[in-house]
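This report refers to the structure that appears directly beneath it.
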Amino acid sequence: MKTIIQMTVNGELVESAVEPNRTLLQFLREDLDLTGTKHGCGLGDCGACTVILDGKPVNSCLVLAVQAHGREVLTIEGLAENGNLHPIQQAFVDKGAIQCGFCTPGMILSAKALLDENPKPSELEIRTAISGNLCRCTGYQKIVEAVQEAATVIDGTEVSS
Amino acid sequence: MKDFKVLNTRAPRIDGPAKAVGKAKYADDLTMPGALYAAILQSPLAHAKILNIDTSKARKLPGVKAVVTSKEAGLVRYGVSPARYDETLFAHEKVRYVGDEIAAVAAVDLATAQEAVELIKVDYEELPAVFDMFEAMKEGAPQIHDEFPGNMNAEVHQEFGDTDAALAQCDLVVDHTFLNKRQDAAFIEPHSCLAVFDLDGRLTLHTSTQVPHYVMRTVAMVLGIPVGNVRVVKPYVGGGFGPKCEATPLEMSAALLARTTGKPVKMNYTREQVFLHSRARHQFYAEMSLGVMKDGTMVALRNKAVLDGGAYTSFGIATVYYSGSLLGGPYKLKAMKYDGYRVYTNKPTCGAQRGHGGVAHRAAFEQLLDMTAEKLGIDPVEMRLKNIMATGDVTINELDMSSLGMKECVEAVRDGSDWKNKKGKLPKGKGIGMACGFFVSGAGYPIYRSDTYHSTVVIKVSEDGGVATVLTGSAEIGQGSDTTMAMIAAETLGIPLSHVRVVSGDTDLSVDLGAYSSRQTLMTGHATKEAAEQIRNAIASYLAEEMDCSPESISFSDGIVKFDGQPGNFQHIRVQYIKEHRGWTDPPSGEYLTFREAARLAYLKGGTLVGTGKYKPPRLGGSYKGAAVGTSPAYGCSAQVVEVSVDMETGEITVDNMTDAHDCGLAINRTLVEGQMQGSLSMGLGECLFEEVKFDSRGRVLNPSLGEYRIPTALDMPNVKSIIVESSEPHGPYGAKEVGEGAIMPTIPAILNAISDATGIRINELPVTSERLFMALKNKENA
Ligand code: FES
Ligand code: FES
């Protein structure tokens, strides 16, 4: 039996009928074709499927689509504005924080959730915030540097504006 | 000396933005109208006869479109090395490990395919199984393959010089044994593919692979499709590290089911299936003796290896050779003896993983070196410097170190870590250790015997002259090879990086053996450079004709063309270009002729501008048996210093600092080089401290998830001081060589040597969990 759900995805209202056991990850990837959110394990272990749900990072493979009913979802596709990379995305590109890129969307969204709450995080706070996002390629160092850089850039823009 | 415009910079990778915004497509992101979904039935038993397979119920399930077993797939044997083709797509007669593939189903959706898999009834007669490599070698052990008595998959015996005699003359001989554990590569993207046949019987296979070329050949052979009718296309790949270096049952099943049903077929491994397919790091047992003189001069090494191969061969023959050959350097030896054994067991198959075959034996040897230095009262750094090879040296097993900044690496980490003020001066519980290593820049020979080029590349310039597109079958798997090729093309053509595009990973574009053995920078790089040179030369000769000057007087750089260093009288070319492009928004301007105008002129004179390049190494290595494994046109090398803190109460280890120096020849892209160095260290740290694939008593993987199989998180890795050492490699394009795998070599032994420095305890079994170290500390206390 399908259920009708409504949610805001990347600022747009979405309405759909889903099976009760459909995960938010499946819903985003398969029904909405938002394939930027990645499937690395389906068990809540890797963080590749991280999206921001009502401001908090969640593993979308552990959330049912029906649980997101009435709520607000931000995926990697919703971060860039008018074709301009978000400062976190830009910093990931500039600092070499991306290799295979499979962890990148989840990593960037975990970083976004962190910086929204804590604009000037310490290195340990950054490492803790992304510790649920596994990356096998980079050794994390350049990711941490990218988040630090993004924090500075975002801070700078806010002061000047 | 270096006056590069593009090379040696920190240019952001060209696929960065697509990956940052989630637009980069990986195999599982692809769909096709009407696609079916498929699932595989795998053996629940480690060793059993298959008496009967009944697929009738599965076939009747509504939504099921095809069920295939060995009956439909046939029994063509395949594998990696033609010398040991010991696999068939589906098991017949026998299953050899928990996970052995028996059948596959295609259905309208995944849930139906999985349900159908459950409905296939297999009657087994369980056979005694063997899971331990030493047990497997014993007389009377269960036999896994009839053709290989004693479960001996491969045996290697090599000797250079007279090792026994040399050891007898040494002042000191130190023995050591070492055991690592089976590792999983744990790339974050599970294997995924999509297979589709067109009406002419041509297969296109989109797949998450490191080696489109080899997948094309294997799929063609196993399914009996003319190889010219198989096209393998690699989308972006979410990491490979070795296990994605061979054709998988996933790819072959999808292709077979697509042919059977006439529909596109999509298929993924679950994370658990990634563990079962494995093809990752072997378990190695090492036994070695090092003979030295009192002054620290190394003389002779006796080395024995036993490898737990699992149920099939995969890359295993090369692996067991590498465990010997990769100890030929970077220290001078007068004699070396190697005996290697790779043994079949009823477990998932091991294959190649970052640092192929070399990592465990390097770890054992670099520990042994420290133990020896300690006995002689020599500083481990000094001991290494005393014996180290330099550019131009040839190892005892005939590997040619055409460039080797090994000494520079050792000195860089010694000074970068403040070794002199720390070694022997740290408080109890704190330790510092170092180690070295080297690795090939591309295997000297293809996996199958052939005169093939290892890489060919085509570069095509757009008709307006503004964009050069590099077409290559090479595999971008995250390491940055697309960016590397773009940079080499841009530098050679004398145009900005933004004017180059790369299309890669498609067997229709060019021949390339793929992303393994750290080969693409050197080999694909050569082919890219040659293709770009061809274009540059063609443009120069057309221009010379037009300008009535000599081609040698023309130079290209930064997108502009100079004649004897001057602008020259090119106005008529510009006028013509602008006339042809009236109304366009980007007319060429400036004091100099642009590359775009020059390339357009060449097009008008000679048609579409295309350059092709190719590369194949010269004949390399000695003439002894197995001499091919370990050969390479060039070798990268590295040294590391690691500092640890050990909680003497609990045995808990914290890696505080890592200092790493790697000689990659010319660093094409400094950021990417550091990325490879740091990623290597992270994988080495995981293997050293906690990674281990565990089995129960019936051969089932106990921890087939990224929760239970723990890899380093951001909290486990310290910041690494990464030092790039650049020698000039005569056989590399612009002097470049590898960085992707050599950098992992010293990591494990450097950590182990640091632990020993902190605790006075030599751990010779991985992983060094806090339990293991705690027990060792306790034993020492009691002793
Ligand atoms: S896919 Fe959700 S945590 Fe791995
Ligand atoms: S970049 Fe590959 S997993 Fe993080």
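Residue names in the structure tokens use chain letters A, B, ... in the order shown, residue numbers from 1 in each chain, and ligand numbers from 1 in the order shown.
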Do you know which residues are within 12 Å of ligand 1 using only C-alpha atoms and all ligand atoms? Can you write them as a PDB file with N, CA, C and O atoms, in the first residue's frame?
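result.pdb, freshly written:
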```
ATOM      1  N   THR A  23      13.189   3.671   1.446  1.00  0.00           N
ATOM      2  CA  THR A  23      14.033   4.587   2.221  1.00  0.00           C
ATOM      3  C   THR A  23      14.081   5.951   1.536  1.00  0.00           C
ATOM      4  O   THR A  23      13.823   6.076   0.334  1.00  0.00           O
ATOM      5  N   LEU A  24      14.458   6.927   2.337  1.00  0.00           N
ATOM      6  CA  LEU A  24      14.610   8.266   1.776  1.00  0.00           C
ATOM      7  C   LEU A  24      15.686   8.237   0.680  1.00  0.00           C
ATOM      8  O   LEU A  24      15.565   8.903  -0.342  1.00  0.00           O
ATOM      9  N   LEU A  25      16.724   7.437   0.892  1.00  0.00           N
ATOM     10  CA  LEU A  25      17.791   7.316  -0.107  1.00  0.00           C
ATOM     11  C   LEU A  25      17.236   6.807  -1.437  1.00  0.00           C
ATOM     12  O   LEU A  25      17.492   7.384  -2.493  1.00  0.00           O
ATOM     13  N   GLN A  26      16.439   5.744  -1.377  1.00  0.00           N
ATOM     14  CA  GLN A  26      15.845   5.210  -2.611  1.00  0.00           C
ATOM     15  C   GLN A  26      14.922   6.245  -3.245  1.00  0.00           C
ATOM     16  O   GLN A  26      14.923   6.437  -4.464  1.00  0.00           O
ATOM     17  N   ARG A  29      17.086   8.979  -4.896  1.00  0.00           N
ATOM     18  CA  ARG A  29      17.868   8.512  -6.054  1.00  0.00           C
ATOM     19  C   ARG A  29      16.982   8.000  -7.181  1.00  0.00           C
ATOM     20  O   ARG A  29      17.190   8.322  -8.344  1.00  0.00           O
ATOM     21  N   THR A  37      23.214  11.897  -4.113  1.00  0.00           N
ATOM     22  CA  THR A  37      23.265  11.203  -2.824  1.00  0.00           C
ATOM     23  C   THR A  37      23.655   9.760  -3.093  1.00  0.00           C
ATOM     24  O   THR A  37      23.018   9.087  -3.892  1.00  0.00           O
ATOM     25  N   LYS A  38      24.713   9.279  -2.433  1.00  0.00           N
ATOM     26  CA  LYS A  38      25.289   7.989  -2.812  1.00  0.00           C
ATOM     27  C   LYS A  38      24.894   6.852  -1.873  1.00  0.00           C
ATOM     28  O   LYS A  38      24.651   7.064  -0.687  1.00  0.00           O
ATOM     29  N   HIS A  39      24.900   5.664  -2.437  1.00  0.00           N
ATOM     30  CA  HIS A  39      24.637   4.449  -1.669  1.00  0.00           C
ATOM     31  C   HIS A  39      25.960   3.694  -1.508  1.00  0.00           C
ATOM     32  O   HIS A  39      26.496   3.173  -2.476  1.00  0.00           O
ATOM     33  N   GLY A  40      26.474   3.654  -0.291  1.00  0.00           N
ATOM     34  CA  GLY A  40      27.743   2.958  -0.079  1.00  0.00           C
ATOM     35  C   GLY A  40      27.583   1.670   0.703  1.00  0.00           C
ATOM     36  O   GLY A  40      28.410   0.772   0.633  1.00  0.00           O
ATOM     37  N   CYS A  41      26.499   1.577   1.488  1.00  0.00           N
ATOM     38  CA  CYS A  41      26.332   0.375   2.317  1.00  0.00           C
ATOM     39  C   CYS A  41      24.873   0.064   2.601  1.00  0.00           C
ATOM     40  O   CYS A  41      24.503  -1.096   2.732  1.00  0.00           O
ATOM     41  N   GLY A  42      24.050   1.077   2.721  1.00  0.00           N
ATOM     42  CA  GLY A  42      22.647   0.853   3.037  1.00  0.00           C
ATOM     43  C   GLY A  42      22.399   0.468   4.483  1.00  0.00           C
ATOM     44  O   GLY A  42      21.301   0.057   4.841  1.00  0.00           O
ATOM     45  N   LEU A  43      23.418   0.597   5.313  1.00  0.00           N
ATOM     46  CA  LEU A  43      23.314   0.127   6.696  1.00  0.00           C
ATOM     47  C   LEU A  43      23.653   1.191   7.732  1.00  0.00           C
ATOM     48  O   LEU A  43      23.763   0.896   8.918  1.00  0.00           O
ATOM     49  N   GLY A  44      23.874   2.408   7.268  1.00  0.00           N
ATOM     50  CA  GLY A  44      24.209   3.450   8.228  1.00  0.00           C
ATOM     51  C   GLY A  44      25.667   3.467   8.649  1.00  0.00           C
ATOM     52  O   GLY A  44      26.026   4.108   9.636  1.00  0.00           O
ATOM     53  N   ASP A  45      26.512   2.784   7.898  1.00  0.00           N
ATOM     54  CA  ASP A  45      27.919   2.690   8.295  1.00  0.00           C
ATOM     55  C   ASP A  45      28.839   3.712   7.628  1.00  0.00           C
ATOM     56  O   ASP A  45      29.881   4.045   8.177  1.00  0.00           O
ATOM     57  N   CYS A  46      28.513   4.153   6.400  1.00  0.00           N
ATOM     58  CA  CYS A  46      29.522   4.869   5.618  1.00  0.00           C
ATOM     59  C   CYS A  46      29.288   6.364   5.476  1.00  0.00           C
ATOM     60  O   CYS A  46      30.215   7.111   5.207  1.00  0.00           O
ATOM     61  N   GLY A  47      28.050   6.816   5.587  1.00  0.00           N
ATOM     62  CA  GLY A  47      27.782   8.248   5.480  1.00  0.00           C
ATOM     63  C   GLY A  47      27.699   8.792   4.070  1.00  0.00           C
ATOM     64  O   GLY A  47      27.467   9.987   3.874  1.00  0.00           O
ATOM     65  N   ALA A  48      27.865   7.937   3.054  1.00  0.00           N
ATOM     66  CA  ALA A  48      27.817   8.420   1.668  1.00  0.00           C
ATOM     67  C   ALA A  48      26.438   8.953   1.305  1.00  0.00           C
ATOM     68  O   ALA A  48      26.283   9.739   0.386  1.00  0.00           O
ATOM     69  N   CYS A  49      25.430   8.516   2.061  1.00  0.00           N
ATOM     70  CA  CYS A  49      24.038   8.882   1.761  1.00  0.00           C
ATOM     71  C   CYS A  49      23.567  10.075   2.588  1.00  0.00           C
ATOM     72  O   CYS A  49      22.375  10.358   2.640  1.00  0.00           O
ATOM     73  N   THR A  50      24.504  10.765   3.244  1.00  0.00           N
ATOM     74  CA  THR A  50      24.119  11.871   4.133  1.00  0.00           C
ATOM     75  C   THR A  50      23.338  12.965   3.396  1.00  0.00           C
ATOM     76  O   THR A  50      23.764  13.425   2.341  1.00  0.00           O
ATOM     77  N   VAL A  51      22.211  13.334   3.956  1.00  0.00           N
ATOM     78  CA  VAL A  51      21.494  14.528   3.498  1.00  0.00           C
ATOM     79  C   VAL A  51      21.155  15.344   4.751  1.00  0.00           C
ATOM     80  O   VAL A  51      21.326  14.857   5.869  1.00  0.00           O
ATOM     81  N   PRO A  57      22.210  16.562   9.834  1.00  0.00           N
ATOM     82  CA  PRO A  57      22.673  15.542   8.894  1.00  0.00           C
ATOM     83  C   PRO A  57      22.139  14.173   9.296  1.00  0.00           C
ATOM     84  O   PRO A  57      22.181  13.806  10.463  1.00  0.00           O
ATOM     85  N   VAL A  58      21.621  13.437   8.319  1.00  0.00           N
ATOM     86  CA  VAL A  58      21.140  12.077   8.604  1.00  0.00           C
ATOM     87  C   VAL A  58      21.627  11.141   7.503  1.00  0.00           C
ATOM     88  O   VAL A  58      21.906  11.571   6.387  1.00  0.00           O
ATOM     89  N   ASN A  59      21.727   9.869   7.848  1.00  0.00           N
ATOM     90  CA  ASN A  59      21.989   8.860   6.829  1.00  0.00           C
ATOM     91  C   ASN A  59      20.654   8.532   6.166  1.00  0.00           C
ATOM     92  O   ASN A  59      19.791   7.916   6.791  1.00  0.00           O
ATOM     93  N   SER A  60      20.511   8.922   4.927  1.00  0.00           N
ATOM     94  CA  SER A  60      19.192   8.768   4.295  1.00  0.00           C
ATOM     95  C   SER A  60      18.839   7.307   4.034  1.00  0.00           C
ATOM     96  O   SER A  60      17.703   6.985   3.768  1.00  0.00           O
ATOM     97  N   CYS A  61      19.822   6.405   4.161  1.00  0.00           N
ATOM     98  CA  CYS A  61      19.498   4.982   4.005  1.00  0.00           C
ATOM     99  C   CYS A  61      18.804   4.435   5.250  1.00  0.00           C
ATOM    100  O   CYS A  61      18.246   3.354   5.218  1.00  0.00           O
ATOM    101  N   LEU A  62      18.863   5.190   6.349  1.00  0.00           N
ATOM    102  CA  LEU A  62      18.237   4.732   7.590  1.00  0.00           C
ATOM    103  C   LEU A  62      16.917   5.449   7.864  1.00  0.00           C
ATOM    104  O   LEU A  62      16.272   5.201   8.868  1.00  0.00           O
ATOM    105  N   VAL A  63      16.556   6.375   6.974  1.00  0.00           N
ATOM    106  CA  VAL A  63      15.328   7.123   7.162  1.00  0.00           C
ATOM    107  C   VAL A  63      14.335   6.634   6.110  1.00  0.00           C
ATOM    108  O   VAL A  63      14.692   6.472   4.948  1.00  0.00           O
ATOM    109  N   LEU A  64      13.091   6.373   6.540  1.00  0.00           N
ATOM    110  CA  LEU A  64      12.085   5.999   5.544  1.00  0.00           C
ATOM    111  C   LEU A  64      11.560   7.258   4.862  1.00  0.00           C
ATOM    112  O   LEU A  64      11.475   8.322   5.486  1.00  0.00           O
ATOM    113  N   PHE A 102      33.164   9.806  -4.216  1.00  0.00           N
ATOM    114  CA  PHE A 102      31.977   9.060  -3.800  1.00  0.00           C
ATOM    115  C   PHE A 102      31.515   9.458  -2.397  1.00  0.00           C
ATOM    116  O   PHE A 102      30.332   9.430  -2.095  1.00  0.00           O
ATOM    117  N   CYS A 103      32.462   9.825  -1.555  1.00  0.00           N
ATOM    118  CA  CYS A 103      32.093  10.276  -0.210  1.00  0.00           C
ATOM    119  C   CYS A 103      31.757  11.755  -0.198  1.00  0.00           C
ATOM    120  O   CYS A 103      31.258  12.276   0.794  1.00  0.00           O
ATOM    121  N   PRO A 105      29.635  14.114  -1.640  1.00  0.00           N
ATOM    122  CA  PRO A 105      28.352  14.757  -1.324  1.00  0.00           C
ATOM    123  C   PRO A 105      28.002  14.655   0.165  1.00  0.00           C
ATOM    124  O   PRO A 105      27.628  15.661   0.788  1.00  0.00           O
ATOM    125  N   GLY A 106      28.159  13.479   0.728  1.00  0.00           N
ATOM    126  CA  GLY A 106      27.847  13.300   2.143  1.00  0.00           C
ATOM    127  C   GLY A 106      28.775  14.103   3.031  1.00  0.00           C
ATOM    128  O   GLY A 106      28.356  14.705   4.030  1.00  0.00           O
ATOM    129  N   MET A 107      30.034  14.107   2.656  1.00  0.00           N
ATOM    130  CA  MET A 107      31.042  14.837   3.418  1.00  0.00           C
ATOM    131  C   MET A 107      30.716  16.333   3.430  1.00  0.00           C
ATOM    132  O   MET A 107      30.770  16.992   4.469  1.00  0.00           O
ATOM    133  N   SER A 131      33.238  12.346  11.240  1.00  0.00           N
ATOM    134  CA  SER A 131      33.739  11.009  11.571  1.00  0.00           C
ATOM    135  C   SER A 131      32.759   9.906  11.190  1.00  0.00           C
ATOM    136  O   SER A 131      33.126   8.736  11.136  1.00  0.00           O
ATOM    137  N   GLY A 132      31.521  10.257  10.880  1.00  0.00           N
ATOM    138  CA  GLY A 132      30.576   9.259  10.387  1.00  0.00           C
ATOM    139  C   GLY A 132      30.589   9.136   8.875  1.00  0.00           C
ATOM    140  O   GLY A 132      29.846   8.345   8.302  1.00  0.00           O
ATOM    141  N   ASN A 133      31.417   9.940   8.227  1.00  0.00           N
ATOM    142  CA  ASN A 133      31.536   9.880   6.773  1.00  0.00           C
ATOM    143  C   ASN A 133      32.874   9.242   6.430  1.00  0.00           C
ATOM    144  O   ASN A 133      33.921   9.850   6.605  1.00  0.00           O
ATOM    145  N   LEU A 134      32.828   8.012   5.932  1.00  0.00           N
ATOM    146  CA  LEU A 134      34.080   7.326   5.617  1.00  0.00           C
ATOM    147  C   LEU A 134      34.613   7.788   4.275  1.00  0.00           C
ATOM    148  O   LEU A 134      33.860   7.961   3.320  1.00  0.00           O
ATOM    149  N   CYS A 135      35.924   7.974   4.226  1.00  0.00           N
ATOM    150  CA  CYS A 135      36.593   8.252   2.965  1.00  0.00           C
ATOM    151  C   CYS A 135      37.788   7.325   2.891  1.00  0.00           C
ATOM    152  O   CYS A 135      38.605   7.304   3.807  1.00  0.00           O
TER     153      CYS A 135
ATOM    154  N   ALA B 186      37.700  -1.890   0.810  1.00  0.00           N
ATOM    155  CA  ALA B 186      36.738  -0.959   1.414  1.00  0.00           C
ATOM    156  C   ALA B 186      36.593   0.358   0.657  1.00  0.00           C
ATOM    157  O   ALA B 186      36.469   1.415   1.267  1.00  0.00           O
ATOM    158  N   PHE B 187      36.625   0.266  -0.668  1.00  0.00           N
ATOM    159  CA  PHE B 187      36.231   1.453  -1.452  1.00  0.00           C
ATOM    160  C   PHE B 187      34.785   1.744  -1.095  1.00  0.00           C
ATOM    161  O   PHE B 187      34.016   0.849  -0.756  1.00  0.00           O
ATOM    162  N   ILE B 188      34.403   3.014  -1.170  1.00  0.00           N
ATOM    163  CA  ILE B 188      33.068   3.357  -0.672  1.00  0.00           C
ATOM    164  C   ILE B 188      31.977   3.007  -1.701  1.00  0.00           C
ATOM    165  O   ILE B 188      30.827   2.804  -1.350  1.00  0.00           O
ATOM    166  N   GLU B 189      32.339   2.900  -2.952  1.00  0.00           N
ATOM    167  CA  GLU B 189      31.335   2.532  -3.968  1.00  0.00           C
ATOM    168  C   GLU B 189      31.353   1.029  -4.222  1.00  0.00           C
ATOM    169  O   GLU B 189      32.312   0.503  -4.783  1.00  0.00           O
ATOM    170  N   PRO B 190      30.288   0.303  -3.873  1.00  0.00           N
ATOM    171  CA  PRO B 190      30.253  -1.118  -4.228  1.00  0.00           C
ATOM    172  C   PRO B 190      30.232  -1.273  -5.756  1.00  0.00           C
ATOM    173  O   PRO B 190      29.790  -0.371  -6.467  1.00  0.00           O
ATOM    174  N   THR B 270      25.948  -5.905  -3.069  1.00  0.00           N
ATOM    175  CA  THR B 270      25.715  -5.286  -1.777  1.00  0.00           C
ATOM    176  C   THR B 270      27.088  -5.148  -1.101  1.00  0.00           C
ATOM    177  O   THR B 270      28.071  -5.728  -1.557  1.00  0.00           O
ATOM    178  N   ARG B 271      27.117  -4.450   0.002  1.00  0.00           N
ATOM    179  CA  ARG B 271      28.399  -4.320   0.712  1.00  0.00           C
ATOM    180  C   ARG B 271      28.900  -5.688   1.148  1.00  0.00           C
ATOM    181  O   ARG B 271      30.095  -5.981   1.070  1.00  0.00           O
ATOM    182  N   SER B 705      30.768  -5.749   6.861  1.00  0.00           N
ATOM    183  CA  SER B 705      30.144  -4.428   6.745  1.00  0.00           C
ATOM    184  C   SER B 705      31.158  -3.385   7.184  1.00  0.00           C
ATOM    185  O   SER B 705      32.120  -3.699   7.883  1.00  0.00           O
ATOM    186  N   LEU B 706      30.919  -2.152   6.780  1.00  0.00           N
ATOM    187  CA  LEU B 706      31.861  -1.088   7.143  1.00  0.00           C
ATOM    188  C   LEU B 706      31.672  -0.635   8.583  1.00  0.00           C
ATOM    189  O   LEU B 706      32.415   0.209   9.074  1.00  0.00           O
ATOM    190  N   GLY B 707      30.692  -1.219   9.257  1.00  0.00           N
ATOM    191  CA  GLY B 707      30.560  -0.968  10.687  1.00  0.00           C
ATOM    192  C   GLY B 707      31.425  -1.924  11.468  1.00  0.00           C
ATOM    193  O   GLY B 707      32.152  -1.547  12.386  1.00  0.00           O
TER     194      GLY B 707
END
```
Residues within 8 Å of A:Leu34, only C-alpha atoms, excluding chain neighbours under 6 positions, as a list in words: Leu28, Thr75 and Glu77 of chain A
Stretch 591-603 of chain B environment, 6 Å, only C-alpha atoms, sequence neighbours closer than 2 positions dropped, as a list in words: Asp464, Gly465, Gly466, Ile539, Tyr542, Gly559, Ile560, Val561, Pro567, Lys605, Gly606, Gly607, Thr608 and Leu609 of chain B
Expected file: the selected residues, C-alpha atoms, as a compact mmCIF listing (two decimals), in the first residue's frame:
```
# COMPACT_ATOMS: atom_id res chain seq x y z
CA ASP B 464 37.45 26.41 -34.23
CA GLY B 465 40.80 25.45 -32.76
CA GLY B 466 39.72 26.30 -29.23
CA ILE B 539 50.30 23.03 -36.63
CA TYR B 542 51.27 24.39 -41.62
CA GLY B 559 47.69 29.68 -25.69
CA ILE B 560 49.79 31.98 -27.83
CA VAL B 561 52.15 31.41 -30.71
CA PRO B 567 54.56 38.23 -32.56
CA LYS B 605 44.79 23.09 -44.68
CA GLY B 606 44.60 19.50 -43.54
CA GLY B 607 41.17 18.65 -42.18
CA THR B 608 40.35 17.66 -38.61
CA LEU B 609 43.44 17.89 -36.48
```
Proximal residues of chain B relative to chain A (only C-alpha atoms; 8 Å) as number ranges by chain: B: 12-13, 16-17, 19-25, 29, 186-190, 236-239, 270-271, 477-480, 671-672, 675-676, 678-683, 705-707, 711-715, 717-720
All residues 12 Å or closer to stretch 72-80 of chain B, only C-alpha atoms, same chain fewer than 5 positions away omitted, as a VMD selection string: chain B and resid 66 to 67 85 to 93 101 to 105 211 214 to 215 217 to 224 243 to 249 252 to 257 259 to 260 279 312 to 319 349 to 352 446 to 449
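Residue-level DSSP output for stretch 445-516 of chain B, from the backbone, shows strand (DSSP E) at Ser455, Thr456, Val457, Val458, Ile459, Lys460, Val461, Ala468, Thr469, Val470, Leu471, Thr472, Val500, Arg501, Val502, Val503 and Ser504 of chain B.
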Can you pull out the residues contacting stretch 2-4 of chain A? Cut-off 8 Å, using only C-alpha atoms, and skip same-chain residues under 3 positions away; I want them as a short mmCIF file (atom, residue, chain, number, x, y, z; two decimals) with N, CA, C and O atoms, in the first residue's frame.
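Ended up saving to around_17.cif:
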```cif
data_model
loop_
_atom_site.label_atom_id
_atom_site.label_comp_id
_atom_site.auth_asym_id
_atom_site.auth_seq_id
_atom_site.Cartn_x
_atom_site.Cartn_y
_atom_site.Cartn_z
N GLU A 15 5.58 16.03 -4.10
CA GLU A 15 4.50 15.17 -3.64
C GLU A 15 4.61 13.85 -4.39
O GLU A 15 4.85 13.83 -5.59
N SER A 16 4.47 12.75 -3.65
CA SER A 16 4.65 11.47 -4.31
C SER A 16 3.96 10.35 -3.53
O SER A 16 3.62 10.53 -2.36
N ALA A 17 3.80 9.21 -4.18
CA ALA A 17 3.25 8.03 -3.50
C ALA A 17 4.36 7.01 -3.35
O ALA A 17 5.02 6.66 -4.32
N VAL A 18 4.60 6.56 -2.12
CA VAL A 18 5.70 5.61 -1.90
C VAL A 18 5.24 4.41 -1.07
O VAL A 18 4.31 4.51 -0.27
N GLU A 19 5.95 3.32 -1.26
CA GLU A 19 5.75 2.15 -0.41
C GLU A 19 6.27 2.49 0.98
O GLU A 19 7.22 3.26 1.12
N PRO A 20 5.66 1.89 2.02
CA PRO A 20 6.08 2.24 3.38
C PRO A 20 7.53 1.87 3.69
O PRO A 20 8.14 2.47 4.57
N VAL A 66 8.64 7.95 4.15
CA VAL A 66 7.43 8.45 4.84
C VAL A 66 7.79 9.27 6.10
O VAL A 66 7.04 10.15 6.48
#
```
Polymer residues at most 9 Å from stretch 377-384 of chain B, only C-alpha atoms, same-chain spacing of 2 or more positions, as number ranges by chain: B: 295-298, 331, 369-375, 386-388, 407, 410-411, 414, 419, 423, 433-436
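Between ligand 2 and the candidates B:Ala185, B:Ile53, B:Ile578, B:Ala527, the tightest atom-to-atom separation, counting only C-alpha atoms and all ligand atoms, involves B:Ala185.
Reported to one decimal place, the separation of atom CA of B:Phe275 from atom CA of B:Tyr37 is 21.0 Å.
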Helix (DSSP H, G or I) per DSSP on the backbone: members of stretch 197-355 of chain B, as a PyMOL selection string: chain B and resi 212-223+227-229+249-261+271-277+316-325
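Using only C-alpha atoms, the protein and nucleic acid residues lying no more than 7 Å from stretch 107-123 of chain B, apart from those fewer than 5 places from it along its own chain, are Leu36, Tyr37, Ala38, Ala39, Ile40, Leu41, Ile50, Leu51, Asn52, Ile53, Asp54, Thr55, Lys57, Ala58, Leu61, Gly63, Val64 and Lys65 of chain B.
Of the residues listed (B:Gly240, B:Met336, B:Cys193, B:Val359), B:Gly240 shows the shortest atom-to-atom separation from ligand 2; distances use only C-alpha atoms and all ligand atoms.
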